[in-house]
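Enquirer: I am sharing my_file_7.cif, which consists of mmCIF, N, CA and C atoms:
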```
data_final
loop_
_atom_site.label_atom_id
_atom_site.label_comp_id
_atom_site.auth_asym_id
_atom_site.auth_seq_id
_atom_site.Cartn_x
_atom_site.Cartn_y
_atom_site.Cartn_z
N MET A 1232 106.78 124.96 62.55
CA MET A 1232 106.04 125.04 63.80
C MET A 1232 104.54 125.11 63.51
N GLY A 1233 103.77 124.69 64.46
CA GLY A 1233 102.33 124.75 64.31
C GLY A 1233 101.82 126.17 64.51
N THR A 1234 100.55 126.37 64.16
CA THR A 1234 99.97 127.72 64.29
C THR A 1234 99.44 127.98 65.69
N ASN A 1235 99.37 126.98 66.51
CA ASN A 1235 98.81 127.15 67.84
C ASN A 1235 99.62 128.12 68.68
N TRP A 1236 100.93 128.01 68.62
CA TRP A 1236 101.77 128.89 69.44
C TRP A 1236 101.66 130.32 68.97
N ALA A 1237 101.49 130.53 67.64
CA ALA A 1237 101.38 131.89 67.12
C ALA A 1237 100.06 132.52 67.56
N ASN A 1238 98.99 131.73 67.55
CA ASN A 1238 97.69 132.26 68.01
C ASN A 1238 97.74 132.63 69.48
N ASN A 1239 98.41 131.83 70.27
CA ASN A 1239 98.52 132.14 71.71
C ASN A 1239 99.29 133.43 71.93
N LEU A 1240 100.39 133.60 71.19
CA LEU A 1240 101.17 134.84 71.34
C LEU A 1240 100.39 136.04 70.83
N ASP A 1241 99.59 135.87 69.75
CA ASP A 1241 98.76 136.97 69.25
C ASP A 1241 97.71 137.37 70.28
N MET A 1242 97.14 136.39 70.98
CA MET A 1242 96.15 136.73 72.02
C MET A 1242 96.80 137.47 73.17
N LEU A 1243 98.04 137.11 73.50
CA LEU A 1243 98.75 137.86 74.54
C LEU A 1243 98.98 139.29 74.10
N ALA A 1244 99.29 139.51 72.83
CA ALA A 1244 99.49 140.86 72.32
C ALA A 1244 98.19 141.63 72.30
N GLN A 1245 97.07 140.99 71.97
CA GLN A 1245 95.77 141.66 71.94
C GLN A 1245 95.35 142.12 73.33
N ASN A 1246 95.70 141.34 74.32
CA ASN A 1246 95.28 141.68 75.68
C ASN A 1246 96.27 142.54 76.42
N GLY A 1247 97.32 142.98 75.75
CA GLY A 1247 98.23 143.93 76.34
C GLY A 1247 99.34 143.32 77.17
N VAL A 1248 99.50 142.01 77.14
CA VAL A 1248 100.59 141.40 77.89
C VAL A 1248 101.90 141.62 77.15
N LEU A 1249 101.87 141.46 75.83
CA LEU A 1249 103.03 141.74 74.99
C LEU A 1249 102.74 143.01 74.17
N ASP A 1250 103.76 143.79 73.87
CA ASP A 1250 103.53 145.00 73.09
C ASP A 1250 104.22 144.95 71.73
N PHE A 1251 104.42 143.75 71.20
CA PHE A 1251 105.03 143.60 69.88
C PHE A 1251 104.54 142.31 69.26
N ASP A 1252 104.86 142.13 68.00
CA ASP A 1252 104.46 140.94 67.26
C ASP A 1252 105.44 139.82 67.58
N ALA A 1253 105.14 139.02 68.59
CA ALA A 1253 106.05 137.99 69.06
C ALA A 1253 106.30 136.89 68.04
N PRO A 1254 105.30 136.36 67.31
CA PRO A 1254 105.61 135.32 66.33
C PRO A 1254 106.56 135.80 65.23
N ALA A 1255 106.41 137.06 64.81
CA ALA A 1255 107.32 137.59 63.79
C ALA A 1255 108.73 137.73 64.36
N TYR A 1256 108.83 138.11 65.60
CA TYR A 1256 110.14 138.24 66.24
C TYR A 1256 110.81 136.88 66.37
N VAL A 1257 110.02 135.84 66.76
CA VAL A 1257 110.59 134.51 66.95
C VAL A 1257 111.05 133.92 65.62
N THR A 1258 110.26 134.11 64.55
CA THR A 1258 110.63 133.54 63.25
C THR A 1258 111.58 134.42 62.45
N GLY A 1259 111.87 135.62 62.94
CA GLY A 1259 112.81 136.51 62.25
C GLY A 1259 112.21 137.21 61.05
N GLN A 1260 110.90 137.44 61.02
CA GLN A 1260 110.23 138.12 59.92
C GLN A 1260 109.92 139.55 60.32
N LYS A 1261 109.44 140.36 59.36
CA LYS A 1261 109.03 141.71 59.71
C LYS A 1261 107.66 141.63 60.38
N PRO A 1262 107.34 142.56 61.25
CA PRO A 1262 106.06 142.51 62.00
C PRO A 1262 104.87 142.49 61.06
N ARG A 1263 103.88 141.70 61.41
CA ARG A 1263 102.69 141.53 60.57
C ARG A 1263 101.67 142.62 60.81
N TYR A 1264 101.55 143.10 62.03
CA TYR A 1264 100.46 144.00 62.38
C TYR A 1264 100.98 145.37 62.78
N VAL A 1265 101.65 146.04 61.88
CA VAL A 1265 102.11 147.40 62.16
C VAL A 1265 101.17 148.33 61.44
N GLY A 1266 100.66 149.32 62.13
CA GLY A 1266 99.73 150.24 61.51
C GLY A 1266 98.32 149.72 61.64
N ALA A 1267 97.70 149.34 60.54
CA ALA A 1267 96.32 148.85 60.54
C ALA A 1267 96.35 147.33 60.35
N PRO A 1268 96.08 146.55 61.37
CA PRO A 1268 96.10 145.09 61.21
C PRO A 1268 94.94 144.61 60.35
N ALA A 1269 95.14 143.51 59.69
CA ALA A 1269 94.10 142.94 58.83
C ALA A 1269 93.03 142.22 59.65
N MET A 1270 93.33 141.94 60.89
CA MET A 1270 92.37 141.23 61.73
C MET A 1270 91.34 142.21 62.29
N PRO A 1271 90.09 141.78 62.49
CA PRO A 1271 89.11 142.67 63.11
C PRO A 1271 89.50 142.96 64.56
N PRO A 1272 88.96 144.03 65.12
CA PRO A 1272 89.33 144.36 66.50
C PRO A 1272 88.89 143.26 67.47
N SER A 1273 89.66 143.09 68.48
CA SER A 1273 89.42 142.03 69.44
C SER A 1273 88.28 142.40 70.38
N PRO A 1274 87.46 141.43 70.75
CA PRO A 1274 86.43 141.72 71.75
C PRO A 1274 87.06 141.94 73.13
N PHE A 1275 88.33 141.60 73.25
CA PHE A 1275 89.01 141.77 74.53
C PHE A 1275 89.66 143.13 74.66
N ALA A 1276 89.52 143.98 73.65
CA ALA A 1276 90.15 145.29 73.71
C ALA A 1276 89.48 146.13 74.79
N GLY A 1277 90.24 146.98 75.40
CA GLY A 1277 89.70 147.83 76.45
C GLY A 1277 90.18 147.36 77.81
N PRO A 1278 89.73 148.06 78.84
CA PRO A 1278 90.20 147.69 80.17
C PRO A 1278 89.61 146.33 80.60
N VAL A 1279 90.38 145.63 81.36
CA VAL A 1279 89.95 144.34 81.87
C VAL A 1279 88.96 144.58 83.01
N PRO A 1280 87.79 143.93 82.98
CA PRO A 1280 86.83 144.14 84.08
C PRO A 1280 87.38 143.59 85.39
N GLN A 1281 87.09 144.31 86.44
CA GLN A 1281 87.56 143.89 87.75
C GLN A 1281 86.67 142.77 88.30
N ALA A 1282 87.29 141.78 88.85
CA ALA A 1282 86.55 140.68 89.47
C ALA A 1282 86.04 141.14 90.83
N GLN A 1283 84.82 140.76 91.11
CA GLN A 1283 84.27 141.15 92.42
C GLN A 1283 84.93 140.35 93.52
N LYS A 1284 85.05 140.96 94.67
CA LYS A 1284 85.67 140.26 95.79
C LYS A 1284 84.67 139.27 96.38
N LEU A 1285 85.12 138.08 96.51
CA LEU A 1285 84.29 137.05 97.10
C LEU A 1285 84.72 136.84 98.54
N ASN A 1286 83.77 136.68 99.40
CA ASN A 1286 84.08 136.41 100.80
C ASN A 1286 84.30 134.91 100.95
N GLN A 1287 85.55 134.53 100.92
CA GLN A 1287 85.88 133.12 101.03
C GLN A 1287 85.81 132.69 102.49
N LEU A 1288 85.17 131.55 102.73
CA LEU A 1288 85.04 131.05 104.09
C LEU A 1288 86.37 130.50 104.58
N LYS A 1289 86.59 130.56 105.87
CA LYS A 1289 87.81 130.01 106.45
C LYS A 1289 87.72 128.49 106.56
N THR A 1290 86.53 127.97 106.85
CA THR A 1290 86.33 126.53 106.96
C THR A 1290 85.15 126.13 106.10
N ASP A 1291 85.11 124.86 105.73
CA ASP A 1291 84.02 124.33 104.93
C ASP A 1291 82.99 123.75 105.88
N GLU A 1292 81.85 124.42 105.98
CA GLU A 1292 80.82 123.97 106.90
C GLU A 1292 79.46 124.37 106.39
N PHE A 1293 78.43 123.71 106.89
CA PHE A 1293 77.06 124.05 106.55
C PHE A 1293 76.52 124.98 107.62
N LYS A 1294 76.06 126.12 107.18
CA LYS A 1294 75.45 127.05 108.13
C LYS A 1294 73.98 127.20 107.78
N PRO A 1295 73.09 126.68 108.61
CA PRO A 1295 71.67 126.81 108.32
C PRO A 1295 71.21 128.26 108.46
N GLU A 1296 70.06 128.54 107.87
CA GLU A 1296 69.54 129.91 107.93
C GLU A 1296 69.21 130.30 109.37
N ASN A 1297 68.58 129.39 110.09
CA ASN A 1297 68.28 129.66 111.50
C ASN A 1297 69.34 128.98 112.35
N ASN A 1298 69.83 129.64 113.35
CA ASN A 1298 70.88 129.06 114.19
C ASN A 1298 70.40 127.87 115.00
N ASN A 1299 69.10 127.81 115.30
CA ASN A 1299 68.59 126.69 116.10
C ASN A 1299 68.12 125.53 115.22
N ASP A 1300 68.33 125.60 113.92
CA ASP A 1300 67.89 124.58 112.98
C ASP A 1300 69.03 123.58 112.77
N ASN A 1301 69.10 122.54 113.59
CA ASN A 1301 70.17 121.56 113.50
C ASN A 1301 69.73 120.27 112.84
N ASN A 1302 68.45 120.02 112.73
CA ASN A 1302 67.95 118.77 112.16
C ASN A 1302 67.58 119.00 110.70
N PHE A 1303 68.14 118.22 109.79
CA PHE A 1303 67.87 118.39 108.37
C PHE A 1303 66.47 117.88 108.01
N VAL A 1304 66.10 116.72 108.54
CA VAL A 1304 64.81 116.11 108.21
C VAL A 1304 63.82 116.45 109.30
N LYS A 1305 62.73 117.04 108.89
CA LYS A 1305 61.70 117.44 109.85
C LYS A 1305 60.51 116.49 109.73
N ASN A 1306 60.55 115.37 110.45
CA ASN A 1306 59.42 114.45 110.47
C ASN A 1306 58.58 114.75 111.69
N PRO A 1307 57.30 115.02 111.47
CA PRO A 1307 56.43 115.27 112.62
C PRO A 1307 56.20 113.98 113.41
N ALA A 1308 55.73 114.15 114.63
CA ALA A 1308 55.54 113.01 115.53
C ALA A 1308 54.50 112.03 114.99
N TRP A 1309 53.46 112.53 114.31
CA TRP A 1309 52.43 111.62 113.81
C TRP A 1309 52.99 110.68 112.74
N LYS A 1310 53.97 111.15 111.94
CA LYS A 1310 54.59 110.27 110.94
C LYS A 1310 55.43 109.19 111.62
N LYS A 1311 56.12 109.56 112.66
CA LYS A 1311 56.94 108.59 113.38
C LYS A 1311 56.06 107.52 114.03
N CYS A 1312 54.95 107.95 114.65
CA CYS A 1312 54.03 107.00 115.30
C CYS A 1312 53.35 106.11 114.26
N ALA A 1313 52.98 106.68 113.11
CA ALA A 1313 52.33 105.88 112.07
C ALA A 1313 53.29 104.83 111.52
N PHE A 1314 54.56 105.18 111.32
CA PHE A 1314 55.53 104.21 110.83
C PHE A 1314 55.76 103.11 111.86
N ALA A 1315 55.87 103.48 113.13
CA ALA A 1315 56.08 102.48 114.18
C ALA A 1315 54.89 101.53 114.24
N ALA A 1316 53.67 102.05 114.13
CA ALA A 1316 52.48 101.20 114.18
C ALA A 1316 52.45 100.26 112.98
N LEU A 1317 52.78 100.75 111.80
CA LEU A 1317 52.81 99.89 110.61
C LEU A 1317 53.88 98.81 110.72
N ALA A 1318 55.04 99.16 111.21
CA ALA A 1318 56.12 98.19 111.33
C ALA A 1318 55.77 97.10 112.34
N ILE A 1319 55.26 97.50 113.50
CA ILE A 1319 54.87 96.51 114.52
C ILE A 1319 53.73 95.66 114.01
N GLY A 1320 52.77 96.26 113.33
CA GLY A 1320 51.65 95.51 112.77
C GLY A 1320 52.11 94.50 111.74
N ALA A 1321 53.06 94.87 110.88
CA ALA A 1321 53.58 93.94 109.87
C ALA A 1321 54.29 92.77 110.52
N VAL A 1322 55.05 93.02 111.57
CA VAL A 1322 55.76 91.94 112.26
C VAL A 1322 54.76 91.00 112.94
N VAL A 1323 53.76 91.55 113.59
CA VAL A 1323 52.74 90.73 114.27
C VAL A 1323 51.95 89.92 113.25
N LEU A 1324 51.54 90.55 112.15
CA LEU A 1324 50.77 89.85 111.13
C LEU A 1324 51.60 88.74 110.48
N GLY A 1325 52.85 89.00 110.22
CA GLY A 1325 53.74 87.98 109.65
C GLY A 1325 53.94 86.83 110.60
N GLY A 1326 54.14 87.11 111.88
CA GLY A 1326 54.29 86.04 112.87
C GLY A 1326 53.04 85.20 113.00
N TRP A 1327 51.87 85.86 113.00
CA TRP A 1327 50.61 85.14 113.12
C TRP A 1327 50.35 84.29 111.86
N LYS A 1328 50.69 84.83 110.69
CA LYS A 1328 50.43 84.13 109.43
C LYS A 1328 51.35 82.92 109.26
N PHE A 1329 52.61 83.04 109.66
CA PHE A 1329 53.58 81.98 109.42
C PHE A 1329 53.96 81.22 110.69
N LYS A 1330 53.15 81.29 111.76
CA LYS A 1330 53.52 80.60 113.00
C LYS A 1330 53.52 79.09 112.84
N SER A 1331 52.66 78.57 112.00
CA SER A 1331 52.60 77.12 111.81
C SER A 1331 53.86 76.60 111.11
N LYS A 1332 54.50 77.44 110.30
CA LYS A 1332 55.73 77.03 109.63
C LYS A 1332 56.97 77.46 110.40
N LEU A 1333 56.84 78.53 111.14
CA LEU A 1333 58.01 79.12 111.80
C LEU A 1333 58.42 78.34 113.04
N PHE A 1334 57.48 78.04 113.91
CA PHE A 1334 57.83 77.39 115.17
C PHE A 1334 58.40 75.98 114.99
N PRO A 1335 57.81 75.11 114.16
CA PRO A 1335 58.42 73.77 113.99
C PRO A 1335 59.81 73.84 113.38
N SER A 1336 60.03 74.73 112.41
CA SER A 1336 61.36 74.81 111.79
C SER A 1336 62.38 75.36 112.78
N VAL A 1337 61.97 76.26 113.66
CA VAL A 1337 62.90 76.78 114.66
C VAL A 1337 63.26 75.68 115.65
N LYS A 1338 62.26 74.91 116.07
CA LYS A 1338 62.52 73.83 117.03
C LYS A 1338 63.39 72.75 116.40
N SER A 1339 63.07 72.35 115.17
CA SER A 1339 63.87 71.29 114.53
C SER A 1339 65.27 71.81 114.19
N GLY A 1340 65.37 73.06 113.80
CA GLY A 1340 66.68 73.63 113.51
C GLY A 1340 67.56 73.70 114.74
N TRP A 1341 66.96 74.02 115.88
CA TRP A 1341 67.74 74.09 117.12
C TRP A 1341 68.23 72.71 117.53
N THR A 1342 67.37 71.70 117.39
CA THR A 1342 67.80 70.35 117.76
C THR A 1342 68.87 69.84 116.80
N LYS A 1343 68.74 70.16 115.50
CA LYS A 1343 69.78 69.76 114.55
C LYS A 1343 71.10 70.45 114.87
N LEU A 1344 71.02 71.72 115.22
CA LEU A 1344 72.23 72.48 115.52
C LEU A 1344 72.91 71.95 116.77
N THR A 1345 72.13 71.67 117.82
CA THR A 1345 72.73 71.20 119.07
C THR A 1345 73.21 69.76 118.95
N SER A 1346 72.55 68.95 118.13
CA SER A 1346 73.00 67.56 117.99
C SER A 1346 74.27 67.47 117.15
N LYS A 1347 74.47 68.37 116.21
CA LYS A 1347 75.65 68.31 115.35
C LYS A 1347 76.85 69.02 115.95
N CYS A 1348 76.66 69.82 116.96
CA CYS A 1348 77.77 70.55 117.56
C CYS A 1348 78.43 69.71 118.65
N LYS A 1349 78.99 68.62 118.28
CA LYS A 1349 79.75 67.78 119.20
C LYS A 1349 81.19 67.80 118.72
N TRP A 1350 82.12 67.53 119.62
CA TRP A 1350 83.54 67.64 119.27
C TRP A 1350 83.92 66.66 118.17
N ASN A 1351 83.37 65.43 118.20
CA ASN A 1351 83.71 64.44 117.17
C ASN A 1351 83.24 64.90 115.79
N SER A 1352 82.05 65.46 115.71
CA SER A 1352 81.55 65.88 114.42
C SER A 1352 82.36 67.07 113.89
N ILE A 1353 82.79 67.96 114.75
CA ILE A 1353 83.62 69.08 114.32
C ILE A 1353 84.99 68.58 113.87
N LYS A 1354 85.52 67.62 114.61
CA LYS A 1354 86.84 67.05 114.28
C LYS A 1354 86.79 66.33 112.93
N THR A 1355 85.76 65.53 112.70
CA THR A 1355 85.66 64.82 111.43
C THR A 1355 85.39 65.79 110.28
N PHE A 1356 84.61 66.82 110.54
CA PHE A 1356 84.34 67.82 109.52
C PHE A 1356 85.64 68.49 109.06
N CYS A 1357 86.46 68.90 110.03
CA CYS A 1357 87.72 69.58 109.69
C CYS A 1357 88.66 68.63 108.95
N SER A 1358 88.75 67.39 109.40
CA SER A 1358 89.65 66.45 108.72
C SER A 1358 89.15 66.13 107.32
N ASP A 1359 87.84 66.00 107.14
CA ASP A 1359 87.29 65.75 105.81
C ASP A 1359 87.57 66.92 104.87
N LYS A 1360 87.41 68.12 105.37
CA LYS A 1360 87.66 69.30 104.53
C LYS A 1360 89.13 69.45 104.21
N ALA A 1361 90.00 69.11 105.14
CA ALA A 1361 91.44 69.17 104.87
C ALA A 1361 91.82 68.15 103.80
N LYS A 1362 91.24 66.95 103.87
CA LYS A 1362 91.51 65.94 102.85
C LYS A 1362 90.99 66.38 101.48
N ALA A 1363 89.82 67.02 101.47
CA ALA A 1363 89.24 67.48 100.21
C ALA A 1363 90.10 68.58 99.58
N VAL A 1364 90.62 69.48 100.39
CA VAL A 1364 91.49 70.54 99.87
C VAL A 1364 92.77 69.94 99.33
N GLY A 1365 93.35 68.99 100.06
CA GLY A 1365 94.56 68.32 99.58
C GLY A 1365 94.32 67.58 98.28
N LYS A 1366 93.19 66.90 98.17
CA LYS A 1366 92.86 66.17 96.94
C LYS A 1366 92.67 67.15 95.79
N PHE A 1367 92.07 68.30 96.04
CA PHE A 1367 91.86 69.31 95.00
C PHE A 1367 93.20 69.77 94.42
N PHE A 1368 94.17 70.09 95.28
CA PHE A 1368 95.47 70.55 94.80
C PHE A 1368 96.25 69.41 94.14
N LYS A 1369 96.12 68.19 94.67
CA LYS A 1369 96.82 67.05 94.07
C LYS A 1369 96.28 66.76 92.68
N ASP A 1370 94.94 66.77 92.53
CA ASP A 1370 94.34 66.55 91.23
C ASP A 1370 94.71 67.66 90.25
N GLY A 1371 94.75 68.89 90.72
CA GLY A 1371 95.14 70.01 89.85
C GLY A 1371 96.57 69.88 89.39
N TRP A 1372 97.45 69.45 90.29
CA TRP A 1372 98.87 69.26 89.93
C TRP A 1372 99.01 68.15 88.90
N ASN A 1373 98.27 67.05 89.13
CA ASN A 1373 98.34 65.92 88.19
C ASN A 1373 97.74 66.28 86.84
N LYS A 1374 96.66 67.08 86.80
CA LYS A 1374 96.09 67.51 85.53
C LYS A 1374 97.04 68.44 84.80
N LEU A 1375 97.75 69.27 85.56
CA LEU A 1375 98.68 70.22 84.96
C LEU A 1375 99.82 69.50 84.27
N PHE A 1376 100.33 68.44 84.89
CA PHE A 1376 101.46 67.71 84.32
C PHE A 1376 101.04 66.38 83.70
N LYS A 1377 99.74 66.20 83.48
CA LYS A 1377 99.16 65.06 82.76
C LYS A 1377 99.54 63.71 83.38
N LYS A 1378 99.50 63.64 84.68
CA LYS A 1378 99.73 62.36 85.35
C LYS A 1378 98.37 61.77 85.71
N LYS A 1379 98.27 60.50 85.64
CA LYS A 1379 97.03 59.84 85.99
C LYS A 1379 97.06 59.47 87.46
N THR A 1380 95.95 59.72 88.16
CA THR A 1380 95.85 59.35 89.57
C THR A 1380 95.40 57.91 89.65
N PRO A 1381 95.92 57.12 90.62
CA PRO A 1381 95.53 55.70 90.72
C PRO A 1381 94.11 55.53 91.21
#
```
Let me see the structure of the file written as structure tokens.
Expert:
Amino acid sequence: MGTNWANNLDMLAQNGVLDFDAPAYVTGQKPRYVGAPAMPPSPFAGPVPQAQKLNQLKTDEFKPENNNDNNFVKNPAWKKCAFAALAIGAVVLGGWKFKSKLFPSVKSGWTKLTSKCKWNSIKTFCSDKAKAVGKFFKDGWNKLFKKKTP
């Protein structure tokens, strides 16, 4: 047997859980520590210190120091107004800076979108994609079994 189990039983004896030499009893030998043991005294000797009682909460919740303190982040009004002004200013400046590129692309994009959204173009798009998916699987099957496509 390994020594780990003997050390565990010796620690139980040192702490008063067992009152005899358990490893010697298990192996059928005479007790090792009768009278004056060869081991130094245990730091665990003496009474076991009492654990302090902890007030365990019934539910898990955050209780702020002040009962009226419900907001975690305290941003003053001037910070909120400054951020709003900066955000609006950035949007206005960006629109003014890129209006020459933005408006023509929006107009041309809208006309492209409305001209392509016809039933025939949607129908041909779907049929083309269905044929492409079928061709992909057919080519994969033929490559897998080394058949040549005509």
Enquirer: Please compute the CA of Ala1255 (chain A)-atom N of Ala1237 (chain A) distance, one decimal, in Å.
Expert: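 Spanning CA of Ala1255 (chain A) to atom N of Ala1237 (chain A) is a straight-line distance of 9.9 Å.
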Enquirer: Calculate how many Å separate CA of Cys1312 (chain A) from CA of Leu1333 (chain A), rounding to one decimal.
Expert: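 Result for CA of Cys1312 (chain A) versus CA of Leu1333 (chain A): 28.4 Å, one decimal.
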Enquirer: Would you be able to write out as a list in words which residues have an atom within 10 Å of (98.3, 137.3, 68.4) in the file's coordinates, counting only C-alpha atoms?
Expert: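 The distance filter leaves exactly Trp1236, Ala1237, Asn1238, Asn1239, Leu1240, Asp1241, Met1242, Leu1243, Ala1244, Gln1245, Asn1246, Leu1249, Phe1251, Asp1252, Ala1253, Pro1254, Arg1263, Tyr1264 and Met1270 of chain A.
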Enquirer: Enter the distance from CA of Pro1262 (chain A) to CA of Val1248 (chain A), in Å, rounded to one decimal.
Expert: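 So the answer is 16.8 Å.
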